[in-house]
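Accompanying notes for the structure given below.
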Amino acid sequence: MERFDVAIVGAGPAGSTAAYRLARARARVLLIDRARFPRDKPCGGGLTTRAVQQLPFSVEPVVEDRITRVRFRMRYGRSFERESTRVLCLMTQRRRLDAFLVDQAVAAGTEFRDGVQVAIDSETKLRVDGKHVEVDALIGADGANGITARSLGLGGAIVNGIALEGNLPYEGLPAARWRGTFVLELSAVPGGYGWIFPKGDHVNVGVGGWGREGPQLRRHLSVLCDHYGIDLQLLTDLRGHRLPMRQPTTVLARGRTLVIGDAAGAIDPVSGDGIYEALVTARLASEHTLALLDGAAETLEPYAWAVRRELDPLASAGWSAKVALDRYPRAVFALLRLPFTWRVIERLLLGEVSHPGEAQGAGGRAMQAIEGLARLARNPPASMA
């Protein structure tokens, strides 16, 4: 039987970054993925500046564009644009990013096995292609459909969003129109939005919203494409994927095992972005796993409290914005147009504030107004019910 300190199931951004941190601390780490790398994943492929700050190394080798502008539009009607003097987001592709992160983990000392089948027998025992492996700690980073949470009674209480996206090569497109710019079509889908994100040689085009919108997503994507002069038939790599969003009762850790990233439902409710949350949970998981390995902790369960302490204020604000935008889109859009509201969004993307509740002055009052709209949406008067 093979023996490691830690096994990590899933080699996305959360799993690979946790592996890197643990291996750098001289833990014996086994990183496992059922897919053969390099492999692609449906994802907008954006690394906000606040997410980049969570990484212990540079991702410059896989950066394809730098976002400094955001173009907001409401249901294919009124629009406005905001620009920052600093880079808000780095654009990449998951195929390149995930392979790069695995390489960093391997260079730090991680043993990586891809294209393998995994079975979870207990918190400390698993089988990799039928061979028994024993560990002191087990980390589930295998996404929304992973086996780790199901096998060990973790996760649960997840609200699922859904998205559909594809890629369009720049050939025949006015590339300068998209470079350096996020295009966000707010309320184009109930519970979500449409987007156009620039990459190195193409744009990523997609729509996402509440899980119940699944049967309608292709129609929503077609409408988005029509409004932006894009031929839906020319999109390549068209894929749908779930967006798992945790709730207060989601079980994040038990005994010697925990879940991170999408496996933990760690996705921002309003944006659907999960890379920042993946990297935060990876950092916290590595810290608590090292405490366990060093004998400073008996279980990994304190990790769950650490995640909630660090991410719950942001997630709560995200839920409020999502609910308010869904019920009162015009009012929220009007608030977004205010220059001081943009300053709060900019500071969030840059990592200068950890959640909207930290914003002061007029921007803070705008965030409070959105929260007020969310409360009204959740508890409408009889005349509005």
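Identifiers for the structure tokens are assigned positionally: chains receive A, B, ... in sequence, residues are indexed from 1 per chain, and ligands are indexed from 1 in the order shown.
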Exercise. Would you list the contacts of A:Pro174 as a VMD selection string, taking every protein, DNA or RNA residue within 12 Å and counting only C-alpha atoms, but skipping same-chain residues closer than 2 positions in sequence?
Key: chain A and resid 168 to 172 176 to 179 198 201 to 203 228 to 230
So that I have them on file, write out the residues from the current selection with N, CA, C and O atoms, as a PDB file, in the first residue's frame.
ATOM      1  N   LEU A 168     -15.428  32.086 -30.176  1.00  0.00           N
ATOM      2  CA  LEU A 168     -15.475  32.592 -31.548  1.00  0.00           C
ATOM      3  C   LEU A 168     -14.124  33.179 -31.911  1.00  0.00           C
ATOM      4  O   LEU A 168     -13.657  34.125 -31.265  1.00  0.00           O
ATOM      5  N   PRO A 169     -13.448  32.628 -32.925  1.00  0.00           N
ATOM      6  CA  PRO A 169     -12.135  33.155 -33.329  1.00  0.00           C
ATOM      7  C   PRO A 169     -12.241  34.607 -33.783  1.00  0.00           C
ATOM      8  O   PRO A 169     -13.290  35.056 -34.258  1.00  0.00           O
ATOM      9  N   TYR A 170     -11.153  35.341 -33.609  1.00  0.00           N
ATOM     10  CA  TYR A 170     -11.129  36.738 -34.008  1.00  0.00           C
ATOM     11  C   TYR A 170     -11.199  36.915 -35.524  1.00  0.00           C
ATOM     12  O   TYR A 170     -11.454  38.011 -36.007  1.00  0.00           O
ATOM     13  N   GLU A 171     -10.967  35.878 -36.278  1.00  0.00           N
ATOM     14  CA  GLU A 171     -11.013  35.988 -37.731  1.00  0.00           C
ATOM     15  C   GLU A 171     -12.360  36.557 -38.159  1.00  0.00           C
ATOM     16  O   GLU A 171     -13.407  36.020 -37.844  1.00  0.00           O
ATOM     17  N   GLY A 172     -12.326  37.648 -38.882  1.00  0.00           N
ATOM     18  CA  GLY A 172     -13.552  38.283 -39.343  1.00  0.00           C
ATOM     19  C   GLY A 172     -14.213  39.168 -38.312  1.00  0.00           C
ATOM     20  O   GLY A 172     -15.253  39.775 -38.590  1.00  0.00           O
ATOM     21  N   ALA A 176     -10.215  44.756 -32.033  1.00  0.00           N
ATOM     22  CA  ALA A 176      -9.982  45.918 -31.168  1.00  0.00           C
ATOM     23  C   ALA A 176     -11.222  46.275 -30.358  1.00  0.00           C
ATOM     24  O   ALA A 176     -11.125  46.887 -29.290  1.00  0.00           O
ATOM     25  N   ARG A 177     -12.396  45.873 -30.857  1.00  0.00           N
ATOM     26  CA  ARG A 177     -13.654  46.160 -30.146  1.00  0.00           C
ATOM     27  C   ARG A 177     -13.722  45.418 -28.818  1.00  0.00           C
ATOM     28  O   ARG A 177     -14.372  45.883 -27.871  1.00  0.00           O
ATOM     29  N   TRP A 178     -13.056  44.264 -28.741  1.00  0.00           N
ATOM     30  CA  TRP A 178     -13.174  43.418 -27.568  1.00  0.00           C
ATOM     31  C   TRP A 178     -11.944  43.433 -26.670  1.00  0.00           C
ATOM     32  O   TRP A 178     -12.043  43.131 -25.483  1.00  0.00           O
ATOM     33  N   ARG A 179     -10.781  43.752 -27.223  1.00  0.00           N
ATOM     34  CA  ARG A 179      -9.547  43.672 -26.450  1.00  0.00           C
ATOM     35  C   ARG A 179      -9.617  44.526 -25.183  1.00  0.00           C
ATOM     36  O   ARG A 179     -10.061  45.670 -25.204  1.00  0.00           O
ATOM     37  N   PRO A 198     -12.608  38.600 -23.835  1.00  0.00           N
ATOM     38  CA  PRO A 198     -11.543  38.443 -24.833  1.00  0.00           C
ATOM     39  C   PRO A 198     -10.451  37.476 -24.377  1.00  0.00           C
ATOM     40  O   PRO A 198     -10.079  37.441 -23.208  1.00  0.00           O
ATOM     41  N   ASP A 201      -6.758  34.587 -29.053  1.00  0.00           N
ATOM     42  CA  ASP A 201      -7.109  34.535 -30.468  1.00  0.00           C
ATOM     43  C   ASP A 201      -8.612  34.390 -30.689  1.00  0.00           C
ATOM     44  O   ASP A 201      -9.060  34.099 -31.792  1.00  0.00           O
ATOM     45  N   HIS A 202      -9.400  34.583 -29.640  1.00  0.00           N
ATOM     46  CA  HIS A 202     -10.848  34.444 -29.766  1.00  0.00           C
ATOM     47  C   HIS A 202     -11.543  35.180 -28.635  1.00  0.00           C
ATOM     48  O   HIS A 202     -10.900  35.674 -27.709  1.00  0.00           O
ATOM     49  N   VAL A 203     -12.874  35.256 -28.717  1.00  0.00           N
ATOM     50  CA  VAL A 203     -13.679  35.744 -27.602  1.00  0.00           C
ATOM     51  C   VAL A 203     -14.491  34.579 -27.065  1.00  0.00           C
ATOM     52  O   VAL A 203     -14.903  33.679 -27.807  1.00  0.00           O
ATOM     53  N   TYR A 228     -25.189  41.145 -30.758  1.00  0.00           N
ATOM     54  CA  TYR A 228     -23.803  41.577 -30.926  1.00  0.00           C
ATOM     55  C   TYR A 228     -23.221  41.187 -32.285  1.00  0.00           C
ATOM     56  O   TYR A 228     -22.007  41.226 -32.489  1.00  0.00           O
ATOM     57  N   GLY A 229     -24.111  40.810 -33.217  1.00  0.00           N
ATOM     58  CA  GLY A 229     -23.663  40.512 -34.577  1.00  0.00           C
ATOM     59  C   GLY A 229     -22.790  39.280 -34.691  1.00  0.00           C
ATOM     60  O   GLY A 229     -21.898  39.203 -35.549  1.00  0.00           O
ATOM     61  N   ILE A 230     -23.049  38.291 -33.831  1.00  0.00           N
ATOM     62  CA  ILE A 230     -22.271  37.056 -33.811  1.00  0.00           C
ATOM     63  C   ILE A 230     -23.142  35.918 -34.334  1.00  0.00           C
ATOM     64  O   ILE A 230     -24.302  35.771 -33.943  1.00  0.00           O
TER      65      ILE A 230
END
Quiz item: Excluding same-chain residues fewer than 5 positions from stretch 324-337 of chain A, what lies within 8 Å of it counting only C-alpha atoms, as JSON, numbers by chain?
Solution: {"A": [74, 80, 187, 190, 191, 192, 342, 366, 370, 371, 373, 374, 377]}
Practice problem: Find the residue from A:Pro302, A:Gly272, A:Pro61, A:Pro56 that sits nearest to A:Ala315; use only C-alpha atoms when measuring. | Solution: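 Closest to A:Ala315, using only C-alpha atoms: A:Gly272.
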Quiz prompt | Contact residues around A:Arg26 with only C-alpha atoms at 9 Å, ignoring same-chain residues under 4 positions, as an MDAnalysis selection string | solution = chainID A and resid 21:22 108:109
Practice problem: Enumerate as a VMD selection string all residues of stretch 7-142 of chain A assigned to alpha helix (DSSP H) by DSSP on the backbone, naming them with the chain letters and numbers the document uses. | Solution: chain A and resid 13 to 24 49 to 52 94 to 107
Go ahead and dump the residues you just picked, N, CA, C and O atoms, as a short mmCIF file (atom, residue, chain, number, x, y, z; two decimals), in the first residue's frame.
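Saved as out.cif:
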data_model
loop_
_atom_site.label_atom_id
_atom_site.label_comp_id
_atom_site.auth_asym_id
_atom_site.auth_seq_id
_atom_site.Cartn_x
_atom_site.Cartn_y
_atom_site.Cartn_z
N PRO A 13 -7.78 24.69 -10.39
CA PRO A 13 -7.04 25.73 -9.65
C PRO A 13 -6.99 25.50 -8.15
O PRO A 13 -5.94 25.71 -7.52
N ALA A 14 -8.10 25.05 -7.54
CA ALA A 14 -8.11 24.82 -6.10
C ALA A 14 -7.17 23.68 -5.73
O ALA A 14 -6.31 23.81 -4.85
N GLY A 15 -7.33 22.54 -6.38
CA GLY A 15 -6.53 21.37 -6.04
C GLY A 15 -5.04 21.56 -6.28
O GLY A 15 -4.21 21.21 -5.42
N SER A 16 -4.70 22.12 -7.43
CA SER A 16 -3.28 22.29 -7.76
C SER A 16 -2.61 23.30 -6.85
O SER A 16 -1.45 23.12 -6.44
N THR A 17 -3.32 24.38 -6.52
CA THR A 17 -2.72 25.39 -5.65
C THR A 17 -2.56 24.87 -4.23
O THR A 17 -1.54 25.14 -3.57
N ALA A 18 -3.54 24.11 -3.75
CA ALA A 18 -3.39 23.49 -2.43
C ALA A 18 -2.22 22.52 -2.43
O ALA A 18 -1.43 22.47 -1.47
N ALA A 19 -2.07 21.75 -3.51
CA ALA A 19 -0.95 20.81 -3.61
C ALA A 19 0.38 21.55 -3.58
O ALA A 19 1.33 21.12 -2.91
N TYR A 20 0.46 22.65 -4.31
CA TYR A 20 1.69 23.44 -4.32
C TYR A 20 2.05 23.92 -2.91
O TYR A 20 3.19 23.76 -2.46
N ARG A 21 1.07 24.49 -2.22
CA ARG A 21 1.33 25.04 -0.89
C ARG A 21 1.77 23.93 0.08
O ARG A 21 2.69 24.12 0.89
N LEU A 22 1.11 22.79 0.02
CA LEU A 22 1.44 21.69 0.92
C LEU A 22 2.82 21.11 0.61
O LEU A 22 3.61 20.82 1.51
N ALA A 23 3.09 20.93 -0.69
CA ALA A 23 4.38 20.37 -1.07
C ALA A 23 5.53 21.31 -0.69
O ALA A 23 6.60 20.86 -0.28
N ARG A 24 5.31 22.59 -0.85
CA ARG A 24 6.33 23.57 -0.45
C ARG A 24 6.62 23.50 1.05
O ARG A 24 7.73 23.82 1.49
N THR A 49 -7.80 40.59 -10.23
CA THR A 49 -6.59 40.97 -9.51
C THR A 49 -6.63 40.45 -8.08
O THR A 49 -5.60 40.02 -7.54
N ARG A 50 -7.80 40.44 -7.47
CA ARG A 50 -7.89 39.91 -6.10
C ARG A 50 -7.60 38.41 -6.08
O ARG A 50 -7.03 37.90 -5.11
N ALA A 51 -7.96 37.69 -7.17
CA ALA A 51 -7.63 36.27 -7.24
C ALA A 51 -6.13 36.07 -7.43
O ALA A 51 -5.53 35.20 -6.78
N VAL A 52 -5.52 36.88 -8.29
CA VAL A 52 -4.08 36.77 -8.53
C VAL A 52 -3.31 36.97 -7.23
O VAL A 52 -2.27 36.32 -7.00
N ARG A 94 -8.64 27.90 -19.44
CA ARG A 94 -8.47 26.89 -18.40
C ARG A 94 -7.52 25.77 -18.84
O ARG A 94 -6.81 25.22 -17.99
N ARG A 95 -7.52 25.42 -20.10
CA ARG A 95 -6.60 24.39 -20.56
C ARG A 95 -5.16 24.77 -20.23
O ARG A 95 -4.39 23.95 -19.72
N ARG A 96 -4.81 26.02 -20.50
CA ARG A 96 -3.45 26.48 -20.25
C ARG A 96 -3.21 26.75 -18.76
O ARG A 96 -2.17 26.38 -18.21
N LEU A 97 -4.17 27.40 -18.11
CA LEU A 97 -4.00 27.74 -16.71
C LEU A 97 -3.85 26.50 -15.84
O LEU A 97 -2.93 26.41 -15.02
N ASP A 98 -4.75 25.53 -16.01
CA ASP A 98 -4.73 24.36 -15.15
C ASP A 98 -3.46 23.54 -15.34
O ASP A 98 -2.88 23.03 -14.37
N ALA A 99 -3.00 23.41 -16.59
CA ALA A 99 -1.75 22.69 -16.85
C ALA A 99 -0.58 23.42 -16.20
O ALA A 99 0.33 22.79 -15.63
N PHE A 100 -0.59 24.74 -16.27
CA PHE A 100 0.48 25.53 -15.67
C PHE A 100 0.49 25.35 -14.15
O PHE A 100 1.56 25.19 -13.53
N LEU A 101 -0.68 25.39 -13.52
CA LEU A 101 -0.76 25.23 -12.07
C LEU A 101 -0.29 23.83 -11.64
O LEU A 101 0.39 23.69 -10.61
N VAL A 102 -0.65 22.81 -12.41
CA VAL A 102 -0.16 21.47 -12.10
C VAL A 102 1.36 21.43 -12.18
O VAL A 102 2.03 20.83 -11.32
N ASP A 103 1.92 22.06 -13.21
CA ASP A 103 3.38 22.09 -13.35
C ASP A 103 4.05 22.72 -12.13
O ASP A 103 5.10 22.25 -11.67
N GLN A 104 3.44 23.79 -11.59
CA GLN A 104 4.01 24.43 -10.41
C GLN A 104 3.95 23.48 -9.20
O GLN A 104 4.90 23.41 -8.41
N ALA A 105 2.84 22.77 -9.07
CA ALA A 105 2.70 21.82 -7.96
C ALA A 105 3.73 20.70 -8.07
O ALA A 105 4.33 20.30 -7.06
N VAL A 106 3.92 20.19 -9.26
CA VAL A 106 4.90 19.11 -9.48
C VAL A 106 6.31 19.60 -9.19
O VAL A 106 7.12 18.92 -8.54
N ALA A 107 6.62 20.82 -9.65
CA ALA A 107 7.95 21.39 -9.40
C ALA A 107 8.20 21.56 -7.90
O ALA A 107 9.35 21.51 -7.44
#
Exercise. Enumerate the residues of stretch 3-205 of chain A with a DSSP assignment of strand (DSSP E or B), computed from the backbone, and present them as number ranges by chain.
Key: A: 3-9, 29-33, 46-48, 65-67, 69-74, 79-83, 89-91, 111-114, 118-120, 125-128, 131-140, 155, 159-169, 181-186, 193-198, 202-205
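Minimum atom-to-atom distance to A:Thr85, evaluated using only C-alpha atoms, belongs to A:Arg66 out of A:Asp231, A:Val280, A:Arg66, A:Thr289.
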Exercise. Identify which of the residues A:Gly161, A:Tyr276, A:Phe197, A:Leu31 lies closest to A:Arg69, counting only C-alpha atoms when measuring atom-to-atom distances.
Key: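 Checking each of A:Gly161, A:Tyr276, A:Phe197, A:Leu31 against A:Arg69, counting only C-alpha atoms, the winner is A:Phe197.
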Quiz item: For A:Asp273, which residue among A:Pro244, A:Gly143, A:Ala297, A:Arg78 is the nearest when counting only C-alpha atoms?
Solution: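 Checking each of A:Pro244, A:Gly143, A:Ala297, A:Arg78 against A:Asp273, counting only C-alpha atoms, the winner is A:Pro244.
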Exercise. Pick out the residues sitting within 8 Å of A:Leu238, and hand them over as a list in words; count only C-alpha atoms, and ignore anything fewer than 4 positions along from it in its own chain.
Key: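 Neighbouring residues, sequence-local ones excluded: Leu164, Glu165, Gly166 and Asn167 of chain A.
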Practice problem: Extract, using only C-alpha atoms, all DNA, RNA and protein residues at most 9 Å from A:Arg75, discarding same-chain residues fewer than 4 positions from it, and format them as number ranges by chain. | Solution: A: 185-189, 193
Could you write those residues out with C-alpha atoms, as an mmCIF file, in the first residue's frame?
data_model
loop_
_atom_site.group_PDB
_atom_site.id
_atom_site.type_symbol
_atom_site.label_atom_id
_atom_site.label_comp_id
_atom_site.auth_asym_id
_atom_site.auth_seq_id
_atom_site.Cartn_x
_atom_site.Cartn_y
_atom_site.Cartn_z
ATOM 1 C CA GLU A 185 -25.310 42.028 -20.559
ATOM 2 C CA LEU A 186 -27.134 42.262 -17.232
ATOM 3 C CA SER A 187 -30.458 40.475 -16.685
ATOM 4 C CA ALA A 188 -30.209 38.854 -20.101
ATOM 5 C CA VAL A 189 -31.012 35.616 -18.245
ATOM 6 C CA TYR A 193 -26.272 37.699 -17.366
#
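Take the candidates A:His241, A:Arg378, A:Arg256, A:Arg246 and check each one against A:Lys41 using only C-alpha atoms; the shortest distance goes to A:His241.
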Practice problem: Calculate how many Å separate atom CA of A:Gln53 from atom CA of A:Leu350, rounding to one decimal. | Solution: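 That distance, rounded to one decimal, is 8.9 Å.
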Quiz item: For A:Arg347, which of A:Leu88, A:Ala266, A:Ile162, A:Leu279 is the closest residue, counting only C-alpha atoms?
Solution: A:Leu88
Self-check item: Gap from atom CA of A:Arg150 to atom CA of A:Gly265 - Å, one decimal
Solution: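 Those two atoms sit 13.2 Å apart.
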